Structure formats: structure tokens, C-alpha cells
Amino acid sequence: MALGSAIGTGLFYGSASAIQAAGPAVLFAYMIGGAVVFLVMRALGEMAVLHPVTGSFGQYAGRYLGPLAGFITGWTFVFEMAIVALADVTAFGIYMQFWFPDTPQWIWVLAIVLLITGLNLLNVKVFGELEFWLTIVKVTAIILMIVGGFAILIFGFSVPSSTPPGLHNLVDHGGLFPNGFIGLLLSFSVVMFAFGGIETIGITAGEAKIPAKTIPAAINTVPVRILLFYVLTLFVLMCLFPWNEVTGEVSPFVQIFESLGISYAAHILNAVIITAAISAINSDIFGSGRMVYGLAQQGHAPRAFTHVGRTGVPTLTVALMAGVLVIGVILNAVIPENVFLIIASLATFATVWVWIMILLSHLGMSRERARAGAPRSSYPLPGGRVSTYLALAFMAFVIVLLAFTPDTRIALIVGLAWLVIMTGVFFTFVKGKGRQRTVLPDDAALPTEPAGAGSSAGAVR
């Protein structure tokens with residue numbers, strides 16, 4: 001599910017904006033961003049192995065940072081998934097215009113919203129099977145595209161492009177850093193959006209049979225996935241096609257193969273990219289549903305969200321997400337040109353904020369266990385608190401970057417307003433159990449601290 005959410009619109013469409021901002025240097029942005037994301041995933045993995053619960057990092061924040069932090073973290077993740085889903089349905093509309101340029105974009109967005117909602121109301125088994133096959137399609141396509149791209153580069157197949165493929169395309173159009181170091185920095189806002197959703201790995205911990213084995217196995221493959229699906233893929237694309245000719249009007253994947261004269265490949269890739277968008281939307285609904293379920297268990301959402309229908313589908317959550325996606329239909333009808341970048345920037349803020357809360361929760365856990373003399377998790381974060389502080393500094397840096405351009409600045413304003421509003425909602429509407437610090441599995445294994453030893457003492461039992 002995490003793979004399905006993370007490998008989608010951010011790579012297949014959003015990469016165009018990152019390439020335009022940084023040029024070939026975008027490869028370094030994906031490597032740096034990927035390394036930091038891996039640290040976040042390791043911090044999350046350490047907590048998930050100790051506390052395999054549905055709701056994951058929302059409950060970890062409620063346990064180690066307090067009920068307000070848990071409330072805001074959980075709902076910000078739901079907000080993130082909703083915004084990412086809006087980006088995915090928007091991208092779907094853009095992809096369909098490759099075949100139907102005269103059809104308004106919003107019509108395709110409405111069609112996919114109705115289709116996904118209908119599929120997710122059928123049966124929870126349909127939900128899982130659909131995601132399984134869609135992910136296989138897009139992962140297989142990426143691997144075949146990389147192999148095909150290298151074949152063109154190595155064997156020099158004749159292509160009608162005005163600029164022949166080759167490594168020279170990485171340096172012939174302004175060098176590796178054509179827009180300077182500033183261009184590299186500005187690309188991080190889109191690059192980090194591309195990784196959004198990978199934290200869904202933690203949400204699956206509550207449903208894994210052996211989380212101490214399956215969670216580390218999934219997280220340890222993150223660096224390989226990043227190198228293969230992001231860095232290597234974009235390396236091949238920018239060798240095949242000059243980076244400065246990427247327009248962003250369609251997916252750069254489709255544009256590149258169409259420019260090479262491989263028209264059938266462009267059509268196949270467009271079909272694959274459409275399946276990727278559907279897969280990502282599917283994963284977004286899964287992640288948000290499990291988080292809302294956990295929030296309801298904590299008293300941070302209406303109890304009705306714990307209800308699951310006879311088919312195993314959390315119908316109220318699906319209805320909530322469908323309502324949010326209708327907003328995407330309206331935005332695509334009103335501002336089809338700018339909607340994607342605005343939505344992607346909002347998703348970046350929400351994503352990075354959730355990662356910051358994961359890292360702060362990990363710091364709280366580390367301090368408490370050290371203070372209580374409890375052993376670390378069987379899957380500890382390499383570098384401990386030093387790694388956590390480095391990742392936190394990078395995340396704060398990305399948040400600041402959003403203020404530098406008008407299109408992303410709106411995300412910072414809306415994001416900060418969201419945090420203020422959710423704080424007000426917590427103190428106004430959350431009562432009783434929702435105001436208490438969360439108690440998680442493994443808490444009983446900690447030695448009980450003396451009364452008054454710390455703010456978390458009351459939660460340990």
C-alpha cells in the first residue's frame with residue numbers, strides 16, 4: 001500500500017516541475033530527500049515494532065507528545081491523504097487529455113471520482129486485489145522503461161529526435177546545475193511531495209501478522225526503491241531527452257517517448273500512468289480510512305468512524321473521501337492550469353508536518369525508555385537521536401522553502417491556518433478519553449516511574 005501511494009503522481013507527473021526547477025541536479029534532490037525519508041521511516045519502524053497499532057504515528061504522537069499532538073498528527077495525515085488524492089485525480093484528468101484534448105479536464109476528474117468511490121464501496125477484498133494488480137502494473141512498467149531506455153542509450157537505436165540520446169544531455173544544456181544551487185533547493189518542495197504516502201508502512205503494522213519481521217523487511221527496501229523508481233528512472237529519462245524541453249503539459253514520461261518517435265510506447269506509458277494514478281488514489285483511501293479509525297478509537301473522531309459495513313468497508317470514511325474529491329472536480333473546472341502545483345504544495349506541507357511529528361515522537365520515546373532503563377526496540381534507528389535531529393532540521397528547511405515562491409507560499413499559509421484551526425477544534429470539541437494520553441502495547445513492559453517523574457508517567461501502566 002505504501003508503494004502504491006508513494007509511486008504515483010509525484011513521480012509520473014510532479015517530476016516535471018522538479019526537473020524544470022533544478023535540471024539534472026534534481027537527481028541529487030531525490031537522493032538527499034530519499035536519504036532523509038529513510039531516516040524518518042526507520043524512526044517510524046522502531047516505534048511500529050514496539051507498538052504495532054492501527055493508527056500508527058497518530059497514536060505514537062498521542063502517547064509520547066500528548067493528546068493534542070496525537071489529534072493534530074492524525075488529522076493532518078488524513079488531510080495529507082485527501083490533498084494527495086486531489087492531486088492524483090487532477091493528474092488523471094491531465095493524462096486523459098493526451099488522448100482527448102478537446103474534453104474538459106474536470107469531466108475526467110468527475111469520472112474517476114465516481115469509479116473509485118464505487119469500487120471502494122463494493123468489498124474490502126476488491127479494494128486489496130485492485131491495489132495489488134495496479135501496483136504490479138506500474139512497477140513492471142517502470143522496470144521495463146528503464147531497461148528499454150538503457151537499450152536505446154547503449155545500442156544507439158535510431159530515433160528521430162533532433163537531440164540524440166546520450167549522457168551528454170545531462171550537461172549540454174546548462175550543466176548539471178543549470179539553475180544554480182537555488183534551483184536545486186526549490187525542487188525539494190516537489191521532490192518531498194513525491195515521497196508522500198510512504199509512511200503508510202507504519203499504518204499497516206496493526207494488521208501485520210509478525211510486525212517485528214514484516215515492518216523492518218518493508219522499510220529496509222526503501223533505499224533500493226528510491227534509487228530504482230526515482231533516481232534511476234529520471235536519470236534514464238534525462239539522458240534520452242533534454243531536460244529543458246520538458247513542458248509539464250503531459251507526463252514527462254509520455255512526452256519523452258513520443259518525442260523519440262516511439263508513439264506506441266507513449267500510449268502504453270500513458271495507460272500505465274493512468275493505472276498509477278488510480279492505484280495512488282486507492283492507497284490514499286486505505287491510509288486515511290485506517291487513520292480515521294484509529295482517531296475514533298482515541299476519542300479524536302466521531303465514534304461512527306469505527307463502523308465497518310457488512311462487506312468489510314469503512315463506508316463513512318469512503319463517503320468522506322468522496323466528498324473531498326468532489327472539491328477536486330470544482331477546482332479542475334475553475335483553475336485547471338494552476339491547480340496541480342497548488343495542491344502538490346499543500347500536500348508537501350502536510351506530508352512534512354506528519355514526518356516532523358513522527359521524528360518528535362521518536363525523540364520522546366527514546367528519552368522515556370532511556371530514563372526508565374528500558375531496552376531499545378529490536379529495530380533501532382541508526383545514529384539514534386543524532387539522526388533524528390538531522391532529519392528534523394531538514395524537514396524544517398523544506399517548510400521554510402515553501403515561503404520563497406508565490407505558488408508554494410499559499411501552502412504555507414493554508415498549512416499554518418490548518419494547524420491553528422485544528423488546535424481550536426481540539427479544545428472545543430474533544431472531551432473525556434480524547435484528552436488523555438494514549439496507552440499503547442508494550443507500555444506495561446516499562447518500569448513504572450515515581451509519581452511526578454515526568455508528564456508521561458500517568459500513561460505508563
# chains A, B, ... in the order shown; residues from 1 in each chain; ligands from 1
>>> residues_around(residues="A:Gly62", least_positions_apart="5", cutoff="9 Å", atoms="only C-alpha atoms", output="PyMOL selection string")
chain A and resi 57+67-71+73+298+361+436-439
>>> select_by_dssp(residues="stretch 47-229 of chain A", states="helix (DSSP H, G or I)", output="number ranges by chain")
A: 47-50, 56-64, 67-96, 105-122, 124-155, 167-170, 180-195, 200-207, 211-220, 222-229
>>> closest_residue(among="A:Ile19, A:Lys431, A:Leu320, A:Arg42", to="A:Gly383", atoms="only C-alpha atoms")
A:Arg42
>>> residues_around(residues="stretch 230-238 of chain A", least_positions_apart="2", cutoff="7 Å", atoms="only C-alpha atoms", output="PyMOL selection string")
chain A and resi 11+27+30-31+146+149-150+169-170+226-228+240-243
>>> closest_residue(among="A:Ile358, A:Ile256, A:Ala280, A:Ala403", to="A:Thr163", atoms="only C-alpha atoms")
A:Ile256
>>> residues_around(residues="A:Pro178", least_positions_apart="4", cutoff="8 Å", atoms="only C-alpha atoms", output="number ranges by chain")
A: 22-24, 173-174, 183
>>> closest_residue(among="A:Gly166, A:Phe77, A:Asp172, A:Phe98", to="A:Leu153", atoms="only C-alpha atoms")
A:Gly166
